[in-house]
Every structure is written in structure tokens, then in C-alpha cells.
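> Next up, structure_3.cif (mmCIF, C-alpha atoms).
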```cif
data_data
#
loop_
_atom_site.group_PDB
_atom_site.id
_atom_site.type_symbol
_atom_site.label_atom_id
_atom_site.label_comp_id
_atom_site.auth_asym_id
_atom_site.auth_seq_id
_atom_site.Cartn_x
_atom_site.Cartn_y
_atom_site.Cartn_z
ATOM 1 C CA MET A 1 0.000 0.000 0.000
ATOM 2 C CA GLU A 2 2.855 2.341 0.877
ATOM 3 C CA CYS A 3 4.484 1.644 -2.507
ATOM 4 C CA GLU A 4 1.262 2.341 -4.346
ATOM 5 C CA ASP A 5 0.861 5.668 -2.548
ATOM 6 C CA PHE A 6 4.469 6.588 -3.320
ATOM 7 C CA LEU A 7 3.958 5.899 -7.055
ATOM 8 C CA HIS A 8 1.248 8.570 -7.142
ATOM 9 C CA GLN A 9 3.173 11.352 -5.374
ATOM 10 C CA PHE A 10 4.634 13.965 -7.721
ATOM 11 C CA PRO A 11 6.998 15.625 -7.970
ATOM 12 C CA HIS A 12 9.554 13.965 -5.748
ATOM 13 C CA GLU A 13 11.933 16.228 -3.923
ATOM 14 C CA TYR A 14 15.026 14.028 -3.957
ATOM 15 C CA TYR A 15 17.030 12.220 -6.620
ATOM 16 C CA ASP A 16 16.857 9.005 -4.581
ATOM 17 C CA GLU A 17 13.063 9.158 -4.581
ATOM 18 C CA ASN A 18 13.068 9.366 -8.368
ATOM 19 C CA MET A 19 15.493 6.438 -8.578
ATOM 20 C CA LEU A 20 13.263 4.396 -6.285
ATOM 21 C CA HIS A 21 10.227 5.361 -8.360
ATOM 22 C CA GLY A 22 11.929 4.086 -11.536
ATOM 23 C CA LEU A 23 12.929 0.848 -9.833
ATOM 24 C CA LEU A 24 9.421 0.273 -8.500
ATOM 25 C CA ILE A 25 7.886 0.800 -11.939
ATOM 26 C CA SER A 26 10.335 -1.769 -13.301
ATOM 27 C CA GLU A 27 8.829 -4.392 -10.985
ATOM 28 C CA VAL A 28 5.155 -3.833 -11.880
ATOM 29 C CA LYS A 29 3.808 -7.090 -13.306
ATOM 30 C CA ASP A 30 0.653 -5.829 -15.012
ATOM 31 C CA TYR A 31 1.548 -4.429 -18.443
ATOM 32 C CA GLU A 32 -1.257 -1.846 -18.693
ATOM 33 C CA GLU A 33 -0.560 -0.571 -15.180
ATOM 34 C CA CYS A 34 3.173 -0.428 -15.910
ATOM 35 C CA ILE A 35 2.575 1.620 -19.069
ATOM 36 C CA ARG A 36 0.226 3.955 -17.197
ATOM 37 C CA LEU A 37 2.755 4.465 -14.381
ATOM 38 C CA THR A 38 5.594 4.942 -16.874
ATOM 39 C CA ASP A 39 3.648 7.520 -18.883
ATOM 40 C CA THR A 40 2.770 9.380 -15.687
ATOM 41 C CA PHE A 41 6.349 9.349 -14.395
ATOM 42 C CA LEU A 42 8.341 10.150 -17.565
ATOM 43 C CA PRO A 43 7.498 13.898 -17.592
ATOM 44 C CA PHE A 44 9.087 14.146 -14.126
ATOM 45 C CA VAL A 45 12.332 12.405 -15.114
ATOM 46 C CA ASP A 46 15.041 15.037 -15.226
ATOM 47 C CA ASN A 47 18.303 13.131 -15.606
ATOM 48 C CA TRP A 48 19.809 10.212 -17.506
ATOM 49 C CA ALA A 49 20.360 7.985 -14.463
ATOM 50 C CA VAL A 50 16.691 7.903 -13.464
ATOM 51 C CA CYS A 51 15.734 7.422 -17.113
ATOM 52 C CA ASP A 52 18.169 4.562 -17.631
ATOM 53 C CA ILE A 53 17.363 2.711 -14.412
ATOM 54 C CA MET A 54 13.829 2.023 -15.589
ATOM 55 C CA SER A 55 13.639 -1.353 -17.288
ATOM 56 C CA PRO A 56 10.219 -2.889 -16.713
ATOM 57 C CA LYS A 57 10.460 -6.675 -16.850
ATOM 58 C CA VAL A 58 6.864 -6.987 -18.056
ATOM 59 C CA PHE A 59 7.824 -5.286 -21.349
ATOM 60 C CA ALA A 60 9.530 -8.489 -22.526
ATOM 61 C CA LYS A 61 6.156 -10.258 -22.683
ATOM 62 C CA HIS A 62 4.354 -7.483 -24.586
ATOM 63 C CA LYS A 63 6.652 -6.559 -27.444
ATOM 64 C CA GLU A 64 3.934 -6.120 -30.047
ATOM 65 C CA GLU A 65 2.006 -3.517 -28.011
ATOM 66 C CA LEU A 66 5.216 -2.010 -26.663
ATOM 67 C CA LEU A 67 6.456 -1.040 -30.108
ATOM 68 C CA ALA A 68 3.659 1.528 -30.510
ATOM 69 C CA LYS A 69 4.612 3.103 -27.159
ATOM 70 C CA ILE A 70 8.277 3.170 -28.173
ATOM 71 C CA LYS A 71 7.394 5.077 -31.332
ATOM 72 C CA THR A 72 5.396 7.603 -29.313
ATOM 73 C CA TRP A 73 8.062 8.022 -26.626
ATOM 74 C CA SER A 74 10.837 8.389 -29.228
ATOM 75 C CA LYS A 75 8.994 11.280 -30.880
ATOM 76 C CA SER A 76 8.587 13.176 -27.615
ATOM 77 C CA SER A 77 10.116 16.626 -27.250
ATOM 78 C CA HIS A 78 10.822 15.802 -23.586
ATOM 79 C CA VAL A 79 14.476 14.742 -23.460
ATOM 80 C CA TYR A 80 14.133 11.782 -21.127
ATOM 81 C CA THR A 81 10.885 10.476 -22.591
ATOM 82 C CA CYS A 82 12.565 10.378 -25.997
ATOM 83 C CA ARG A 83 15.684 8.778 -24.503
ATOM 84 C CA PHE A 84 13.579 6.169 -22.704
ATOM 85 C CA GLY A 85 11.847 5.221 -25.955
ATOM 86 C CA ILE A 86 15.130 4.690 -27.787
ATOM 87 C CA GLU A 87 16.657 2.836 -24.854
ATOM 88 C CA THR A 88 13.644 0.522 -24.647
ATOM 89 C CA LEU A 89 13.953 -0.185 -28.371
ATOM 90 C CA MET A 90 17.643 -0.976 -27.887
ATOM 91 C CA SER A 91 16.918 -3.266 -24.941
ATOM 92 C CA TYR A 92 14.160 -5.342 -26.491
ATOM 93 C CA TYR A 93 14.447 -5.232 -30.280
ATOM 94 C CA LEU A 94 18.069 -5.742 -31.333
ATOM 95 C CA ASP A 95 18.164 -9.495 -30.804
ATOM 96 C CA LYS A 96 15.663 -12.183 -31.867
ATOM 97 C CA ASP A 97 12.810 -9.686 -32.332
ATOM 98 C CA PHE A 98 14.896 -7.430 -34.563
ATOM 99 C CA LYS A 99 13.544 -6.021 -37.834
ATOM 100 C CA ALA A 100 15.646 -3.698 -39.995
ATOM 101 C CA GLU A 101 12.773 -1.201 -40.113
ATOM 102 C CA TYR A 102 13.201 -0.584 -36.362
ATOM 103 C CA LEU A 103 16.464 1.249 -37.113
ATOM 104 C CA GLU A 104 14.374 4.022 -38.655
ATOM 105 C CA ILE A 105 12.913 4.938 -35.258
ATOM 106 C CA PRO A 106 16.132 6.318 -33.721
ATOM 107 C CA ALA A 107 17.508 7.381 -37.106
ATOM 108 C CA SER A 108 14.555 9.719 -37.540
ATOM 109 C CA VAL A 109 15.062 11.420 -34.168
ATOM 110 C CA ARG A 110 16.399 14.946 -34.596
ATOM 111 C CA SER A 111 17.381 16.635 -31.384
ATOM 112 C CA GLU A 112 20.120 18.921 -30.172
ATOM 113 C CA GLU A 113 19.746 17.533 -26.653
ATOM 114 C CA TYR A 114 22.964 15.856 -25.543
ATOM 115 C CA TYR A 115 21.258 12.958 -23.740
ATOM 116 C CA VAL A 116 19.076 12.169 -26.745
ATOM 117 C CA LYS A 117 22.030 12.304 -29.153
ATOM 118 C CA MET A 118 24.051 10.044 -26.841
ATOM 119 C CA MET A 119 21.224 7.505 -26.704
ATOM 120 C CA VAL A 120 20.915 7.436 -30.495
ATOM 121 C CA ALA A 121 24.680 6.893 -30.731
ATOM 122 C CA TRP A 122 24.563 4.169 -28.070
ATOM 123 C CA PHE A 123 21.655 2.530 -29.894
ATOM 124 C CA PHE A 124 23.513 2.464 -33.222
ATOM 125 C CA ALA A 125 26.792 1.304 -31.651
ATOM 126 C CA THR A 126 24.842 -1.587 -30.115
ATOM 127 C CA ALA A 127 23.049 -2.210 -33.411
ATOM 128 C CA LEU A 128 26.425 -2.412 -35.145
ATOM 129 C CA ALA A 129 27.525 -5.023 -32.606
ATOM 130 C CA LYS A 130 24.350 -7.089 -32.892
ATOM 131 C CA GLN A 131 23.027 -6.418 -36.416
ATOM 132 C CA TRP A 132 26.054 -5.233 -38.382
ATOM 133 C CA ASP A 133 24.722 -5.888 -41.894
ATOM 134 C CA GLN A 134 21.526 -3.909 -41.336
ATOM 135 C CA ALA A 135 23.079 -1.104 -39.242
ATOM 136 C CA ILE A 136 26.245 -0.300 -41.196
ATOM 137 C CA PRO A 137 24.380 1.363 -44.127
ATOM 138 C CA TYR A 138 23.203 4.062 -41.694
ATOM 139 C CA ILE A 139 26.852 4.928 -41.100
ATOM 140 C CA GLU A 140 28.005 4.444 -44.692
ATOM 141 C CA GLN A 141 25.185 6.662 -45.980
ATOM 142 C CA ARG A 142 25.640 9.231 -43.191
ATOM 143 C CA ARG A 143 22.000 8.943 -42.134
ATOM 144 C CA LEU A 144 22.710 10.311 -38.648
ATOM 145 C CA ALA A 145 23.592 13.880 -37.695
ATOM 146 C CA PRO A 146 27.390 14.394 -37.856
ATOM 147 C CA TRP A 147 27.980 14.507 -34.084
ATOM 148 C CA THR A 148 25.834 11.405 -33.529
ATOM 149 C CA HIS A 149 27.460 9.655 -36.480
ATOM 150 C CA ASN A 150 30.958 10.172 -35.053
ATOM 151 C CA LYS A 151 29.883 9.321 -31.495
ATOM 152 C CA THR A 152 28.347 6.075 -32.796
ATOM 153 C CA ILE A 153 31.651 5.176 -34.421
ATOM 154 C CA GLN A 154 33.579 6.060 -31.254
ATOM 155 C CA LYS A 155 31.316 3.928 -29.058
ATOM 156 C CA ALA A 156 31.392 1.026 -31.519
ATOM 157 C CA ILE A 157 35.204 1.146 -31.699
ATOM 158 C CA GLU A 158 35.326 1.033 -27.875
ATOM 159 C CA SER A 159 33.144 -2.095 -27.880
ATOM 160 C CA TYR A 160 34.548 -5.590 -27.434
ATOM 161 C CA ARG A 161 31.703 -6.900 -29.605
ATOM 162 C CA ILE A 162 33.045 -5.238 -32.760
ATOM 163 C CA THR A 163 35.817 -7.088 -34.624
ATOM 164 C CA PRO A 164 39.184 -5.421 -35.290
ATOM 165 C CA GLU A 165 38.349 -5.405 -39.020
ATOM 166 C CA GLN A 166 35.013 -3.709 -38.373
ATOM 167 C CA LYS A 167 36.711 -1.133 -36.148
ATOM 168 C CA GLU A 168 39.248 -0.358 -38.848
ATOM 169 C CA TYR A 169 36.478 0.082 -41.416
ATOM 170 C CA LEU A 170 34.473 2.312 -39.057
ATOM 171 C CA ARG A 171 37.493 4.590 -38.626
ATOM 172 C CA THR A 172 37.391 5.298 -42.374
ATOM 173 C CA LEU A 173 33.768 6.463 -42.076
ATOM 174 C CA LYS A 174 34.310 9.261 -39.560
ATOM 175 C CA ILE A 175 33.100 12.669 -40.622
ATOM 176 C CA LYS A 176 35.940 15.178 -40.441
#
```
Take the structure from the file and write it as C-alpha cells.


Amino acid sequence: MECEDFLHQFPHEYYDENMLHGLLISEVKDYEECIRLTDTFLPFVDNWAVCDIMSPKVFAKHKEELLAKIKTWSKSSHVYTCRFGIETLMSYYLDKDFKAEYLEIPASVRSEEYYVKMMVAWFFATALAKQWDQAIPYIEQRRLAPWTHNKTIQKAIESYRITPEQKEYLRTLKIK
């Protein structure tokens, strides 16, 4: 009961309260309730750590419905709502549920917000590690904004999941 009350108190005064809120949402077992709580909380998220700590387990069982929410979140003008959408896409759709068309979601995000640009770069660096053949054209064709393009390459080169040959090739694709 105390938890339920806490999840309806906004705004929180302390960082730790926001972190706890994100962690509690991540444990909600009912998908519809989890989405409702997430949508209510996202406008209050004001930093990357609170945004990134949220990883609702129930999402894994509702990928079809979740995709529509991801598209909505990713289009948000609120920095951390947009970031959360891209992060959720990265977490749930780059492995067995991957479709090349999903790369368009973060590729179409245009923002000057640092934490959005970093998430797009992180997404594409991860996509390069997991889905090289489908992701590399986005770099070869310079489909991302220049800063995000170069940050993607940097993060991919730092990854242990990218082969030395892939890293060498990526270096040739940097925008000067």
C-alpha cells in the first residue's frame, strides 16, 4: 500500500526518490498498469540515471504492443521520454525480435539535446555489434547527424563486440 501511494506522489523532492520510483515501476507485473505508471512518471524524469534505471520486466512479454509506445516516446520533445523510448527499443528489439525497419525509429530522431544524441549513438553502436549488416548502411550513408554519427563510431570502436576489421572500417567512415 505504501508503494502504491508513493507511485502517485509527484513531484519527488530528492534524486533518490526518483530512482526508487523508476525501480518500483520496473517491478510492476501488469503491463497496462506499468505503461500507465511509466507515462505518468516520464514527464518528471530530469536526468539520464533515473531514465536509464527504468527497465520494466513486463515489457519483454508485450513486445507487439510495446512497439507503438516506443514510437510515441521516441517522438517526444521531452528529453528523457525520448531517450527512454530509444533505450527501450535498444533493450528489447536488437536481438531475436529485430527487424531492420526498427532502425528508422532512432535514425529519424532529430534533437540537439545531448542525452538524446548520446542515446541514439549508443543505440547504433549496439546495433552495429548485434546487427552489423543492417546497421552499417546508416553509417556508410551518413544517415545520422554528424555529431551522432561520429559518437556512434567512437562507441562502436570502444566495444569488445566489434571485430578489429570492423573497427578499422568504421574509422574510415568518420566525418571530419

> Between A:Ala49, A:Met119, A:Leu67, A:Val79, which is the closest to Phe98 (chain A) once you count all atoms listed in the file?

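Closest to Phe98 (chain A), using all atoms listed in the file: A:Leu67.
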
> For region 103-113 of chain A, list every protein, DNA or RNA residue within 10 Å, evaluated using all atoms listed in the file, and leave out those in the same chain fewer than 2 positions away; present the list as number ranges by chain.

A: 70-72, 74-80, 82-83, 85-87, 89-90, 93-94, 98-101, 115-121, 123-124, 127, 134-135, 138, 143-145, 147-148

> Using only C-alpha atoms, which of A:Ile53, A:Trp132, A:Phe41, A:Asp46 sits nearest Tyr14 (chain A)?

A:Asp46

> Residues near Lys29 (chain A), anyone? I mean within 10 Å using only C-alpha atoms, not counting same-chain ones fewer than 3 positions away, as JSON, numbers by chain.

{"A": [25, 26, 32, 33, 34, 56, 57, 58, 59]}

> From the set A:Thr172, A:Thr126, A:Asn18, A:Gln166, which residue has the shortest atom-to-atom contact distance to Thr152 (chain A), counting all atoms listed in the file?

A:Thr126

> List the spatial neighbours of Pro11 (chain A) as a short mmCIF file (atom, residue, chain, number, x, y, z; two decimals) with C-alpha atoms, in the coordinates of the input - criterion: any atom at most 7 Å away, all atoms listed in the file, same-chain residues fewer than 2 positions off excluded.


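Output contents, as saved in selection_10.cif:
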```
data_model
loop_
_atom_site.label_atom_id
_atom_site.label_comp_id
_atom_site.auth_asym_id
_atom_site.auth_seq_id
_atom_site.Cartn_x
_atom_site.Cartn_y
_atom_site.Cartn_z
CA GLN A 9 3.17 11.35 -5.37
CA GLU A 13 11.93 16.23 -3.92
CA PHE A 44 9.09 14.15 -14.13
#
```

> Need to verify the contact set: Arg161 (chain A), 7 Å, all atoms listed in the file, exclusion of same-chain residues closer than 2 positions in sequence. Can you return it as a PyMOL selection string?

chain A and resi 129+159+163

> Determine the nearest neighbour of Leu173 (chain A) from the options A:Cys51, A:Leu20, A:Met1, A:Ile157, counting all atoms listed in the file.

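Once distances to Leu173 (chain A) are computed over all atoms listed in the file, the minimum belongs to A:Ile157.
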
> Please indicate the distance in Å from CA of Leu23 (chain A) to CA of Met54 (chain A), rounded to one decimal place.

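Atom-to-atom, CA of Leu23 (chain A) and CA of Met54 (chain A) are spaced 5.9 Å apart.
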
> Kindly give the distance, in Å, that separates CA of Glu64 (chain A) and CA of Arg36 (chain A), rounded to a single decimal.

16.7 Å

> Tell me which of A:His149, A:His8, A:Lys96, A:Lys130 sits closest to Lys174 (chain A), counting only C-alpha atoms.

A:His149
